>>> print(open('data-v8.csv').read())   # CSV, C-alpha atoms (C1' of nucleotides)
chain,number,residue,atom,x,y,z
T,1,MET,CA,-27.1,-9.3,39.3
T,2,PRO,CA,-25.9,-11.7,36.6
T,3,ALA,CA,-22.3,-12.6,36.3
T,4,LYS,CA,-20.1,-10.3,34.4
T,5,PRO,CA,-19.3,-11.9,31.1
T,6,LYS,CA,-15.8,-13.2,30.8
T,7,SER,CA,-13.5,-11.2,28.5
T,8,ALA,CA,-13.2,-13.7,25.7
T,9,ASP,CA,-16.9,-14.2,25.7
T,10,ILE,CA,-17.5,-10.6,24.7
T,11,ALA,CA,-15.4,-10.9,21.6
T,12,PHE,CA,-15.9,-14.5,20.5
T,13,ARG,CA,-19.3,-15.5,22.0
T,14,LYS,CA,-22.7,-14.0,22.6
T,15,HIS,CA,-23.4,-11.4,25.2
T,16,ASP,CA,-26.0,-8.8,25.9
T,17,HIS,CA,-24.3,-6.1,24.0
T,18,ARG,CA,-26.7,-3.2,24.7
T,19,ARG,CA,-26.3,-3.8,28.4
T,20,CYS,CA,-22.6,-4.1,28.1
T,21,GLN,CA,-22.4,-0.9,26.2
T,22,ARG,CA,-24.4,1.0,28.9
T,23,GLN,CA,-22.4,-0.5,31.7
T,24,LEU,CA,-19.1,0.5,30.2
T,25,MET,CA,-20.3,4.0,29.5
T,26,SER,CA,-21.5,4.3,33.1
T,27,ALA,CA,-18.2,3.0,34.3
T,28,ALA,CA,-16.4,5.5,32.3
T,29,LYS,CA,-18.5,8.3,33.7
T,30,ARG,CA,-18.0,7.2,37.2
T,31,LEU,CA,-14.3,6.8,36.7
T,32,CYS,CA,-13.9,10.3,35.3
T,33,GLU,CA,-15.9,11.7,38.2
T,34,VAL,CA,-13.7,10.0,40.7
T,35,ARG,CA,-10.6,11.2,39.0
T,36,GLN,CA,-12.0,14.6,38.4
T,37,LEU,CA,-11.6,14.4,34.7
T,38,ARG,CA,-13.9,15.7,32.0
T,39,LEU,CA,-15.6,13.2,29.9
T,40,THR,CA,-16.5,15.9,27.4
T,41,SER,CA,-18.9,15.3,24.6
T,42,ARG,CA,-16.2,14.7,22.0
T,43,ARG,CA,-14.6,12.2,24.3
T,44,ARG,CA,-17.9,10.6,24.9
T,45,GLN,CA,-18.7,10.5,21.2
T,46,VAL,CA,-15.4,8.7,20.4
T,47,LEU,CA,-15.9,6.3,23.3
T,48,GLU,CA,-19.5,5.6,22.1
T,49,ILE,CA,-18.2,4.8,18.6
T,50,LEU,CA,-15.8,2.3,20.0
T,51,LEU,CA,-18.3,0.8,22.5
T,52,ALA,CA,-20.7,0.3,19.6
T,53,SER,CA,-18.8,-2.6,18.2
T,54,HIS,CA,-16.2,-4.1,20.5
T,55,ARG,CA,-14.0,-4.1,17.4
T,56,PRO,CA,-10.8,-2.4,16.7
T,57,MET,CA,-11.1,0.7,14.6
T,58,GLY,CA,-8.5,3.0,13.1
T,59,ALA,CA,-8.5,6.6,14.0
T,60,TYR,CA,-9.6,7.5,10.6
T,61,ASP,CA,-12.5,5.1,10.8
T,62,ILE,CA,-13.6,6.8,13.9
T,63,LEU,CA,-13.1,10.2,12.2
T,64,ALA,CA,-15.3,9.0,9.3
T,65,GLU,CA,-18.0,7.9,11.8
T,66,LEU,CA,-17.9,11.3,13.4
T,67,ASN,CA,-18.2,13.0,10.1
T,68,ARG,CA,-21.1,10.8,8.9
T,69,GLY,CA,-24.4,12.5,8.3
T,70,GLY,CA,-22.8,15.0,6.1
T,71,ALA,CA,-22.3,17.9,8.4
T,72,VAL,CA,-20.7,20.7,6.4
T,73,ASP,CA,-17.9,21.4,8.9
T,74,ARG,CA,-16.0,18.2,9.0
T,75,ILE,CA,-13.7,17.6,11.9
T,76,ALA,CA,-10.1,17.0,11.5
T,77,PRO,CA,-7.7,14.2,12.7
T,78,PRO,CA,-6.2,16.0,15.7
T,79,ILE,CA,-9.6,16.0,17.4
T,80,VAL,CA,-9.9,12.3,17.2
T,81,TYR,CA,-6.4,11.7,18.2
T,82,ARG,CA,-6.7,13.9,21.2
T,83,ALA,CA,-9.8,12.1,22.4
T,84,LEU,CA,-8.1,8.8,21.8
T,85,GLU,CA,-5.1,9.9,23.7
T,86,PHE,CA,-7.3,10.8,26.7
T,87,LEU,CA,-9.2,7.6,26.6
T,88,VAL,CA,-6.1,5.5,26.4
T,89,ALA,CA,-4.4,7.4,29.2
T,90,GLU,CA,-7.4,6.7,31.4
T,91,GLY,CA,-7.6,3.1,30.5
T,92,LEU,CA,-11.0,3.4,28.9
T,93,ILE,CA,-9.8,2.1,25.6
T,94,HIS,CA,-6.7,0.3,24.3
T,95,ARG,CA,-4.4,0.9,21.4
T,96,ILE,CA,-3.7,-2.2,19.4
T,97,GLU,CA,-0.2,-1.6,18.2
T,98,SER,CA,0.0,-4.3,15.6
T,99,ARG,CA,-3.1,-2.9,13.9
T,100,ASN,CA,-2.8,0.9,14.5
T,101,ALA,CA,-6.2,0.6,15.9
T,102,PHE,CA,-8.2,1.2,19.0
T,103,ILE,CA,-10.7,-0.9,20.9
T,104,CYS,CA,-12.8,-0.3,24.0
T,105,CYS,CA,-11.5,-1.7,27.2
T,106,ILE,CA,-13.8,-4.1,29.0
T,107,GLN,CA,-12.0,-3.5,32.3
T,108,PRO,CA,-12.2,0.3,32.4
T,109,GLY,CA,-9.4,1.8,34.4
T,110,HIS,CA,-7.1,-1.1,34.4
T,111,GLN,CA,-4.4,0.5,32.3
T,112,ASN,CA,-1.8,-2.1,32.6
T,113,GLY,CA,-1.1,-5.5,31.3
T,114,ALA,CA,-4.0,-6.2,29.0
T,115,GLN,CA,-3.4,-9.0,26.6
T,116,PHE,CA,-5.2,-9.5,23.3
T,117,LEU,CA,-6.1,-12.4,21.1
T,118,ILE,CA,-6.6,-11.0,17.6
T,119,CYS,CA,-8.3,-13.1,14.9
T,120,ARG,CA,-6.7,-12.4,11.6
T,121,ASP,CA,-9.8,-13.5,9.8
T,122,CYS,CA,-12.8,-11.9,11.5
T,123,GLU,CA,-10.7,-9.2,13.2
T,124,ARG,CA,-12.4,-9.7,16.5
T,125,ILE,CA,-10.2,-9.2,19.6
T,126,ALA,CA,-10.5,-10.8,23.0
T,127,GLU,CA,-9.1,-9.0,25.9
T,128,LEU,CA,-7.7,-11.4,28.5
T,129,GLU,CA,-7.1,-10.9,32.1
T,130,ASN,CA,-3.4,-11.0,32.8
T,131,SER,CA,-2.3,-14.2,34.3
T,132,ASP,CA,1.3,-14.4,33.6
T,133,ARG,CA,3.9,-12.7,35.7
T,134,SER,CA,7.0,-14.6,34.6
T,135,LEU,CA,8.0,-12.0,32.0
T,136,LEU,CA,7.6,-9.2,34.4
T,137,ALA,CA,9.7,-11.1,36.9
T,138,GLU,CA,12.4,-11.5,34.3
T,139,ALA,CA,12.3,-7.8,33.6
T,140,ASN,CA,12.7,-7.1,37.3
T,141,SER,CA,15.6,-9.4,37.6
T,142,LEU,CA,17.4,-7.3,34.9
T,143,GLY,CA,16.6,-4.2,36.9
T,144,PHE,CA,14.2,-3.1,34.2
T,145,GLU,CA,11.4,-0.9,35.5
T,146,VAL,CA,8.2,-1.7,33.5
T,147,ASP,CA,5.9,1.1,32.4
T,148,HIS,CA,3.6,-0.5,29.9
T,149,SER,CA,3.2,-3.9,28.3
T,150,VAL,CA,1.9,-4.8,24.8
T,151,VAL,CA,0.8,-8.3,24.3
T,152,GLU,CA,-0.9,-9.1,21.1
T,153,ILE,CA,-1.4,-12.6,19.9
T,154,THR,CA,-2.6,-13.0,16.3
T,155,GLY,CA,-4.2,-16.1,15.0
T,156,LEU,CA,-7.5,-17.7,14.0
T,157,CYS,CA,-10.4,-17.9,16.5
T,158,ALA,CA,-12.3,-21.1,17.0
T,159,GLU,CA,-15.3,-19.8,14.9
T,160,CYS,CA,-13.1,-18.9,11.9
T,161,GLN,CA,-11.2,-22.2,12.0
T,162,LYS,CA,-14.6,-23.9,11.3
T,163,HIS,CA,-15.4,-21.6,8.4
T,164,ALA,CA,-11.9,-21.8,7.0
T,165,GLY,CA,-12.3,-25.6,6.8
N,1,MET,CA,34.6,-21.0,22.0
N,2,PRO,CA,33.3,-18.5,24.5
N,3,ALA,CA,29.7,-18.7,25.7
N,4,LYS,CA,27.1,-17.0,23.5
N,5,PRO,CA,26.1,-13.8,25.2
N,6,LYS,CA,22.7,-13.8,26.8
N,7,SER,CA,20.1,-11.8,25.0
N,8,ALA,CA,19.7,-9.0,27.5
N,9,ASP,CA,23.5,-8.6,27.6
N,10,ILE,CA,23.6,-7.6,24.0
N,11,ALA,CA,21.3,-4.7,24.5
N,12,PHE,CA,22.1,-3.6,28.0
N,13,ARG,CA,25.6,-4.7,28.7
N,14,LYS,CA,28.9,-5.0,26.9
N,15,HIS,CA,29.6,-7.6,24.3
N,16,ASP,CA,32.0,-8.1,21.4
N,17,HIS,CA,30.0,-6.4,18.9
N,18,ARG,CA,32.2,-6.9,15.8
N,19,ARG,CA,32.2,-10.6,16.5
N,20,CYS,CA,28.5,-10.7,17.1
N,21,GLN,CA,27.8,-8.9,13.9
N,22,ARG,CA,29.9,-11.3,11.9
N,23,GLN,CA,28.3,-14.3,13.5
N,24,LEU,CA,24.8,-13.1,12.8
N,25,MET,CA,25.6,-12.4,9.2
N,26,SER,CA,27.1,-15.8,8.8
N,27,ALA,CA,24.1,-17.4,10.5
N,28,ALA,CA,21.9,-15.5,8.0
N,29,LYS,CA,23.8,-16.7,5.1
N,30,ARG,CA,23.7,-20.3,6.3
N,31,LEU,CA,20.1,-20.1,7.0
N,32,CYS,CA,19.3,-18.8,3.5
N,33,GLU,CA,21.4,-21.5,1.9
N,34,VAL,CA,19.6,-24.2,3.9
N,35,ARG,CA,16.2,-22.8,3.0
N,36,GLN,CA,17.3,-22.2,-0.6
N,37,LEU,CA,16.6,-18.5,-0.4
N,38,ARG,CA,18.5,-15.7,-1.9
N,39,LEU,CA,20.2,-13.3,0.5
N,40,THR,CA,20.6,-10.7,-2.3
N,41,SER,CA,22.9,-7.7,-2.0
N,42,ARG,CA,19.9,-5.4,-1.1
N,43,ARG,CA,18.8,-7.8,1.6
N,44,ARG,CA,22.3,-8.1,2.9
N,45,GLN,CA,22.7,-4.3,2.9
N,46,VAL,CA,19.6,-3.8,4.9
N,47,LEU,CA,20.5,-6.6,7.3
N,48,GLU,CA,24.0,-5.1,7.7
N,49,ILE,CA,22.5,-1.7,8.6
N,50,LEU,CA,20.4,-3.3,11.3
N,51,LEU,CA,23.3,-5.5,12.5
N,52,ALA,CA,25.5,-2.4,12.8
N,53,SER,CA,23.6,-1.1,15.8
N,54,HIS,CA,21.4,-3.7,17.6
N,55,ARG,CA,19.0,-0.8,17.8
N,56,PRO,CA,15.6,-0.3,16.4
N,57,MET,CA,15.5,1.6,13.2
N,58,GLY,CA,12.5,2.9,11.2
N,59,ALA,CA,12.3,2.0,7.6
N,60,TYR,CA,13.1,5.5,6.6
N,61,ASP,CA,16.1,5.6,8.8
N,62,ILE,CA,17.4,2.5,6.9
N,63,LEU,CA,16.5,4.2,3.7
N,64,ALA,CA,18.5,7.2,4.6
N,65,GLU,CA,21.4,5.0,5.5
N,66,LEU,CA,21.2,3.3,2.1
N,67,ASN,CA,21.1,6.7,0.4
N,68,ARG,CA,24.0,8.1,2.3
N,69,GLY,CA,27.1,9.0,0.4
N,70,GLY,CA,25.1,11.1,-2.1
N,71,ALA,CA,24.6,8.6,-4.9
N,72,VAL,CA,22.5,10.4,-7.5
N,73,ASP,CA,19.9,7.8,-7.9
N,74,ARG,CA,18.3,7.5,-4.6
N,75,ILE,CA,16.4,4.4,-3.9
N,76,ALA,CA,12.8,4.5,-2.9
N,77,PRO,CA,10.8,3.2,0.0
N,78,PRO,CA,9.4,0.0,-1.5
N,79,ILE,CA,12.9,-1.4,-1.9
N,80,VAL,CA,13.5,-1.1,1.8
N,81,TYR,CA,10.1,-2.4,2.8
N,82,ARG,CA,10.5,-5.4,0.5
N,83,ALA,CA,13.9,-6.3,2.0
N,84,LEU,CA,12.5,-5.9,5.5
N,85,GLU,CA,9.5,-8.1,4.7
N,86,PHE,CA,11.9,-10.8,3.6
N,87,LEU,CA,14.1,-10.5,6.6
N,88,VAL,CA,11.1,-10.5,9.0
N,89,ALA,CA,9.5,-13.5,7.2
N,90,GLU,CA,12.7,-15.5,7.7
N,91,GLY,CA,13.2,-14.5,11.3
N,92,LEU,CA,16.4,-12.6,10.6
N,93,ILE,CA,15.0,-9.4,12.0
N,94,HIS,CA,12.0,-8.4,14.1
N,95,ARG,CA,9.4,-5.7,13.6
N,96,ILE,CA,8.8,-3.7,16.8
N,97,GLU,CA,5.1,-2.9,16.5
N,98,SER,CA,5.0,-0.3,19.2
N,99,ARG,CA,7.7,1.7,17.5
N,100,ASN,CA,7.1,1.1,13.8
N,101,ALA,CA,10.7,0.0,13.8
N,102,PHE,CA,12.9,-3.0,13.0
N,103,ILE,CA,15.7,-4.6,14.9
N,104,CYS,CA,18.1,-7.5,14.1
N,105,CYS,CA,17.2,-10.8,15.6
N,106,ILE,CA,19.8,-12.4,17.8
N,107,GLN,CA,18.3,-15.8,17.4
N,108,PRO,CA,18.2,-16.0,13.7
N,109,GLY,CA,15.5,-18.2,12.4
N,110,HIS,CA,13.4,-18.4,15.5
N,111,GLN,CA,10.4,-16.6,14.1
N,112,ASN,CA,8.0,-17.0,17.0
N,113,GLY,CA,7.5,-15.8,20.4
N,114,ALA,CA,10.2,-13.2,20.8
N,115,GLN,CA,9.7,-10.8,23.7
N,116,PHE,CA,11.2,-7.4,24.0
N,117,LEU,CA,12.2,-5.0,26.8
N,118,ILE,CA,12.3,-1.5,25.3
N,119,CYS,CA,13.9,1.3,27.2
N,120,ARG,CA,12.0,4.5,26.6
N,121,ASP,CA,15.0,6.6,27.4
N,122,CYS,CA,18.0,5.1,25.6
N,123,GLU,CA,15.8,3.2,23.1
N,124,ARG,CA,17.8,0.0,23.4
N,125,ILE,CA,15.9,-3.2,23.2
N,126,ALA,CA,16.6,-6.5,24.8
N,127,GLU,CA,15.3,-9.6,23.1
N,128,LEU,CA,14.4,-12.3,25.6
N,129,GLU,CA,14.0,-16.0,25.3
N,130,ASN,CA,10.5,-16.9,25.7
N,131,SER,CA,9.7,-18.4,29.0
N,132,ASP,CA,6.0,-18.0,29.5
N,133,ARG,CA,3.5,-20.5,28.1
N,134,SER,CA,0.5,-19.6,30.2
N,135,LEU,CA,-1.0,-17.1,27.7
N,136,LEU,CA,-0.6,-19.6,24.9
N,137,ALA,CA,-2.2,-22.2,27.0
N,138,GLU,CA,-5.1,-19.8,27.6
N,139,ALA,CA,-5.4,-19.2,23.9
N,140,ASN,CA,-5.5,-22.9,23.3
N,141,SER,CA,-8.2,-23.4,25.8
N,142,LEU,CA,-10.3,-21.0,23.9
N,143,GLY,CA,-9.7,-22.9,20.7
N,144,PHE,CA,-7.6,-20.0,19.4
N,145,GLU,CA,-4.9,-21.0,17.0
N,146,VAL,CA,-1.9,-18.9,17.4
N,147,ASP,CA,0.1,-17.5,14.5
N,148,HIS,CA,2.3,-14.9,15.9
N,149,SER,CA,2.8,-13.1,19.1
N,150,VAL,CA,3.9,-9.6,19.9
N,151,VAL,CA,5.2,-9.0,23.3
N,152,GLU,CA,6.8,-5.6,23.9
N,153,ILE,CA,7.5,-4.3,27.4
N,154,THR,CA,8.3,-0.6,27.6
N,155,GLY,CA,10.0,0.9,30.6
N,156,LEU,CA,13.3,2.2,31.9
N,157,CYS,CA,16.5,0.0,31.8
N,158,ALA,CA,18.7,-0.3,34.8
N,159,GLU,CA,21.3,2.0,33.3
N,160,CYS,CA,18.9,4.8,32.5
N,161,GLN,CA,17.3,4.6,36.0
N,162,LYS,CA,20.7,5.6,37.4
N,163,HIS,CA,21.1,8.5,35.1
N,164,ALA,CA,17.5,9.6,35.6
N,165,GLY,CA,18.3,9.6,39.3
Q,1,DG,C1',-16.4,39.6,35.5
Q,2,DG,C1',-11.5,38.5,34.9
Q,3,DC,C1',-8.1,35.3,34.8
Q,4,DA,C1',-5.9,30.8,34.3
Q,5,DT,C1',-6.3,26.4,32.4
Q,6,DA,C1',-8.1,22.8,29.7
Q,7,DA,C1',-10.2,21.4,25.6
Q,8,DT,C1',-11.4,22.0,21.0
Q,9,DG,C1',-10.9,23.6,16.3
Q,10,DT,C1',-7.9,24.5,12.1
Q,11,DT,C1',-4.2,24.4,8.9
Q,12,DA,C1',-0.5,22.4,7.3
Q,13,DT,C1',2.7,18.8,7.1
Q,14,DA,C1',5.3,14.8,8.9
Q,15,DT,C1',5.8,9.9,9.0
Q,16,DT,C1',4.9,5.3,7.7
Q,17,DA,C1',3.5,2.1,4.1
Q,18,DT,C1',1.7,0.2,-0.2
Q,19,DA,C1',-0.3,-0.2,-5.1
Q,20,DA,C1',0.7,-0.7,-9.6
Q,21,DC,C1',3.5,-1.4,-13.2
Q,22,DG,C1',7.9,-1.9,-15.7
Q,23,DT,C1',12.8,-3.9,-15.9
Q,24,DA,C1',16.6,-6.9,-14.8
Q,25,DA,C1',18.5,-11.1,-12.9
Q,26,DC,C1',18.3,-15.9,-12.3
Q,27,DC,C1',17.1,-20.6,-13.2
Q,28,DT,C1',16.2,-24.5,-15.8
Q,29,DA,C1',15.0,-27.4,-19.3
Q,30,DA,C1',14.4,-28.5,-24.3
V,1,DT,C1',21.8,-21.1,-25.7
V,2,DT,C1',18.0,-19.4,-25.5
V,3,DA,C1',12.9,-19.2,-24.5
V,4,DG,C1',10.1,-18.8,-20.8
V,5,DG,C1',8.8,-18.8,-16.0
V,6,DT,C1',9.9,-16.8,-11.7
V,7,DT,C1',11.9,-13.8,-8.4
V,8,DA,C1',13.8,-9.6,-7.1
V,9,DC,C1',14.5,-4.9,-8.0
V,10,DG,C1',13.4,-0.2,-9.6
V,11,DT,C1',10.1,3.8,-10.2
V,12,DT,C1',6.2,6.6,-9.7
V,13,DA,C1',2.5,7.9,-7.4
V,14,DT,C1',-0.4,7.9,-3.6
V,15,DA,C1',-2.6,5.9,0.6
V,16,DA,C1',-2.8,5.6,5.5
V,17,DT,C1',-1.5,7.1,10.0
V,18,DA,C1',-0.1,10.8,13.1
V,19,DT,C1',1.4,15.3,14.9
V,20,DA,C1',3.2,20.4,15.1
V,21,DA,C1',1.8,24.8,15.7
V,22,DC,C1',-1.2,28.1,16.6
V,23,DA,C1',-6.1,30.2,17.1
V,24,DT,C1',-10.5,29.9,19.5
V,25,DT,C1',-13.8,28.5,22.8
V,26,DA,C1',-15.3,26.5,27.2
V,27,DT,C1',-14.7,25.8,32.1
V,28,DG,C1',-13.6,26.5,36.8
V,29,DC,C1',-12.4,29.5,40.2
V,30,DC,C1',-11.5,33.8,42.8
>>> encode(input="data-v8.csv", output="structure tokens")
Amino acid sequence: MPAKPKSADIAFRKHDHRRCQRQLMSAAKRLCEVRQLRLTSRRRQVLEILLASHRPMGAYDILAELNRGGAVDRIAPPIVYRALEFLVAEGLIHRIESRNAFICCIQPGHQNGAQFLICRDCERIAELENSDRSLLAEANSLGFEVDHSVVEITGLCAECQKHAG
Amino acid sequence: MPAKPKSADIAFRKHDHRRCQRQLMSAAKRLCEVRQLRLTSRRRQVLEILLASHRPMGAYDILAELNRGGAVDRIAPPIVYRALEFLVAEGLIHRIESRNAFICCIQPGHQNGAQFLICRDCERIAELENSDRSLLAEANSLGFEVDHSVVEITGLCAECQKHAG
DNA sequence: GGCATAATGTTATATTATAACGTAACCTAA
DNA sequence: TTAGGTTACGTTATAATATAACATTATGCC
């Protein structure tokens, strides 16, 4: 079994995307089985759309994707938002607060402490493994009980620095 | 001259708020002078509204505040958003991405690397001095050039933990 | 099958944000 | 001092994001 690609590689370097996609979908299915949750076809559809790109998409982009192909009965925003809510809650996707967007999670099930590098140019996002504890330590020392952390670093990825000259 | 209150104290403990407010407004004026920027009356109004509470406010909350007192000609959203844009750009206030809200900055002019502890119950927000460099180091090692970082930790502050019992 | 629950579908509307264009204030330099 | 550039403000309209409320369908379980 080949090594799992490092997080940043997925966003900013090459990887076997087909394979990655399949693996993440399998992982999602397994995770829902274990947790006795229903990965319904809507939820799967939305996850598939996000898995297809490793890129952040707005809820309305996903909605448009679902409505592509000109079906007569177009689905409405709440359907997408509900699927997204489920997927976020289960750690299968992340919400990128500074973009009002969603991206698939490459560590399915690890709800907490994801950190993102967001390229302002190409819009790709790398999900990093959390290394730092110092902030959480500081929170603790103030008696603050942490639920959820949002860490989003915006800048220019190596690739785009070249192009930007 | 008494010690400057620590960041977290401002949000979660007692401090001389009147004094703090005056100081931050003076700092803002000085900063704009130095930078040769115009702290116009609209901008000052918006900053004052944010200084009045040390709490996050939505753009439309601020708008409502500006329109209070029943003036006939009510001002419109772009005015508020423009003032907010200016104040954010100059590091006089922060945008809290996970809340679509704005809060005054207690370290005026320090644009980068603010970190926030946000209580989900009382909605108060502590602005911490940045301690951690490990994430930025990791970004560097990937050749990622950092512009701006968003760090927002949500949870329950010490006070609210007591009440929630 | 009948019932409870969970998920989806539908309609309408709330909330947040910006585009586009016109007007006023301010600066400065001949 | 005033013409001309620039910056900020004002106004209108609308875009983009998100949710409330309620109806319907699917699923699991006894």
>>> residues_around(input="data-v8.csv", residues="DT10 in chain Q", least_positions_apart="4", cutoff="10 Å", atoms="all atoms listed in the file", output="short mmCIF file (atom, residue, chain, number, x, y, z; two decimals) with C-alpha atoms (C1' of nucleotides), in the coordinates of the input")
data_model
loop_
_atom_site.label_atom_id
_atom_site.label_comp_id
_atom_site.auth_asym_id
_atom_site.auth_seq_id
_atom_site.Cartn_x
_atom_site.Cartn_y
_atom_site.Cartn_z
CA ILE T 75 -13.70 17.60 11.90
CA ALA T 76 -10.10 17.00 11.50
CA PRO T 78 -6.20 16.00 15.70
"C1'" DC V 22 -1.20 28.10 16.60
"C1'" DA V 23 -6.10 30.20 17.10
"C1'" DT V 24 -10.50 29.90 19.50
#
>>> closest_residue(input="data-v8.csv", among="N:Ile93, N:Leu87, N:Ala101, N:Val151", to="Gly113 in chain N", atoms="only C-alpha atoms")
N:Val151
>>> residues_around(input="data-v8.csv", residues="Gln21 in chain N", least_positions_apart="3", cutoff="8 Å", atoms="all atoms listed in the file", output="list in words")
His17, Arg18, Leu24, Met25, Leu51 and Ala52 of chain N
>>> closest_atom_pairs(input="data-v8.csv", of="chain N", to="chain Q", cutoff="9 Å", atoms="only C-alpha atoms (C1' of nucleotides)", output="CSV")
residue,atom,partner,partner_atom,distance
N:Gly58,CA,Q:DT16,C1',8.7
N:Ala59,CA,Q:DT16,C1',8.1
N:Tyr60,CA,Q:DT16,C1',8.3
N:Pro77,CA,Q:DA17,C1',8.4
N:Pro78,CA,Q:DT18,C1',7.8
N:Tyr81,CA,Q:DA17,C1',8.1
N:Asn100,CA,Q:DT16,C1',7.7
>>> write_last_selection(input="data-v8.csv", atoms="C-alpha atoms", output="compact mmCIF listing (two decimals), in the frame of the given file")
# COMPACT_ATOMS: atom_id res chain seq x y z
CA GLY N 58 12.50 2.90 11.20
CA ALA N 59 12.30 2.00 7.60
CA TYR N 60 13.10 5.50 6.60
CA PRO N 77 10.80 3.20 0.00
CA PRO N 78 9.40 0.00 -1.50
CA TYR N 81 10.10 -2.40 2.80
CA ASN N 100 7.10 1.10 13.80
>>> interface_residues(input="data-v8.csv", of="chain N", to="chain V", cutoff="12 Å", atoms="all atoms listed in the file", output="PDB file with C-alpha atoms, in the coordinates of the input")
ATOM      1  CA  LEU N  37      16.600 -18.500  -0.400  1.00  0.00           C
ATOM      2  CA  ARG N  38      18.500 -15.700  -1.900  1.00  0.00           C
ATOM      3  CA  LEU N  39      20.200 -13.300   0.500  1.00  0.00           C
ATOM      4  CA  THR N  40      20.600 -10.700  -2.300  1.00  0.00           C
ATOM      5  CA  SER N  41      22.900  -7.700  -2.000  1.00  0.00           C
ATOM      6  CA  ARG N  42      19.900  -5.400  -1.100  1.00  0.00           C
ATOM      7  CA  ARG N  43      18.800  -7.800   1.600  1.00  0.00           C
ATOM      8  CA  ASP N  73      19.900   7.800  -7.900  1.00  0.00           C
ATOM      9  CA  ARG N  74      18.300   7.500  -4.600  1.00  0.00           C
ATOM     10  CA  ILE N  75      16.400   4.400  -3.900  1.00  0.00           C
ATOM     11  CA  ALA N  76      12.800   4.500  -2.900  1.00  0.00           C
ATOM     12  CA  PRO N  77      10.800   3.200   0.000  1.00  0.00           C
ATOM     13  CA  PRO N  78       9.400   0.000  -1.500  1.00  0.00           C
ATOM     14  CA  ILE N  79      12.900  -1.400  -1.900  1.00  0.00           C
ATOM     15  CA  VAL N  80      13.500  -1.100   1.800  1.00  0.00           C
ATOM     16  CA  TYR N  81      10.100  -2.400   2.800  1.00  0.00           C
ATOM     17  CA  ARG N  82      10.500  -5.400   0.500  1.00  0.00           C
ATOM     18  CA  ALA N  83      13.900  -6.300   2.000  1.00  0.00           C
ATOM     19  CA  PHE N  86      11.900 -10.800   3.600  1.00  0.00           C
ATOM     20  CA  ASN N 100       7.100   1.100  13.800  1.00  0.00           C
TER      21      ASN N 100
END
>>> interface_residues(input="data-v8.csv", of="chain N", to="chain T", cutoff="8 Å", atoms="only C-alpha atoms", output="count of residues only")
26
>>> atom_distance(input="data-v8.csv", atom1="CA of Leu92 in chain N", atom2="CA of His110 in chain N")
8.2 Å
>>> atom_distance(input="data-v8.csv", atom1="CA of Glu90 in chain T", atom2="CA of Gly109 in chain T")
6.1 Å
>>> closest_residue(input="data-v8.csv", among="N:Arg22, N:His54, N:Lys14, N:Arg68", to="Ile103 in chain N", atoms="only C-alpha atoms")
N:His54
>>> atom_distance(input="data-v8.csv", atom1="CA of Arg19 in chain N", atom2="CA of Cys104 in chain N")
14.6 Å
>>> closest_residue(input="data-v8.csv", among="N:His163, N:Gly91, N:Cys105, N:Val46", to="Cys32 in chain N", atoms="only C-alpha atoms")
N:Gly91
>>> axis_aligned_box(input="data-v8.csv", around="range 2-10 of chain V", padding_each_side="6 Å", output="JSON")
{"center_x": 13.4, "center_y": -9.8, "center_z": -16.3, "size_x": 21.2, "size_y": 31.2, "size_z": 30.4}
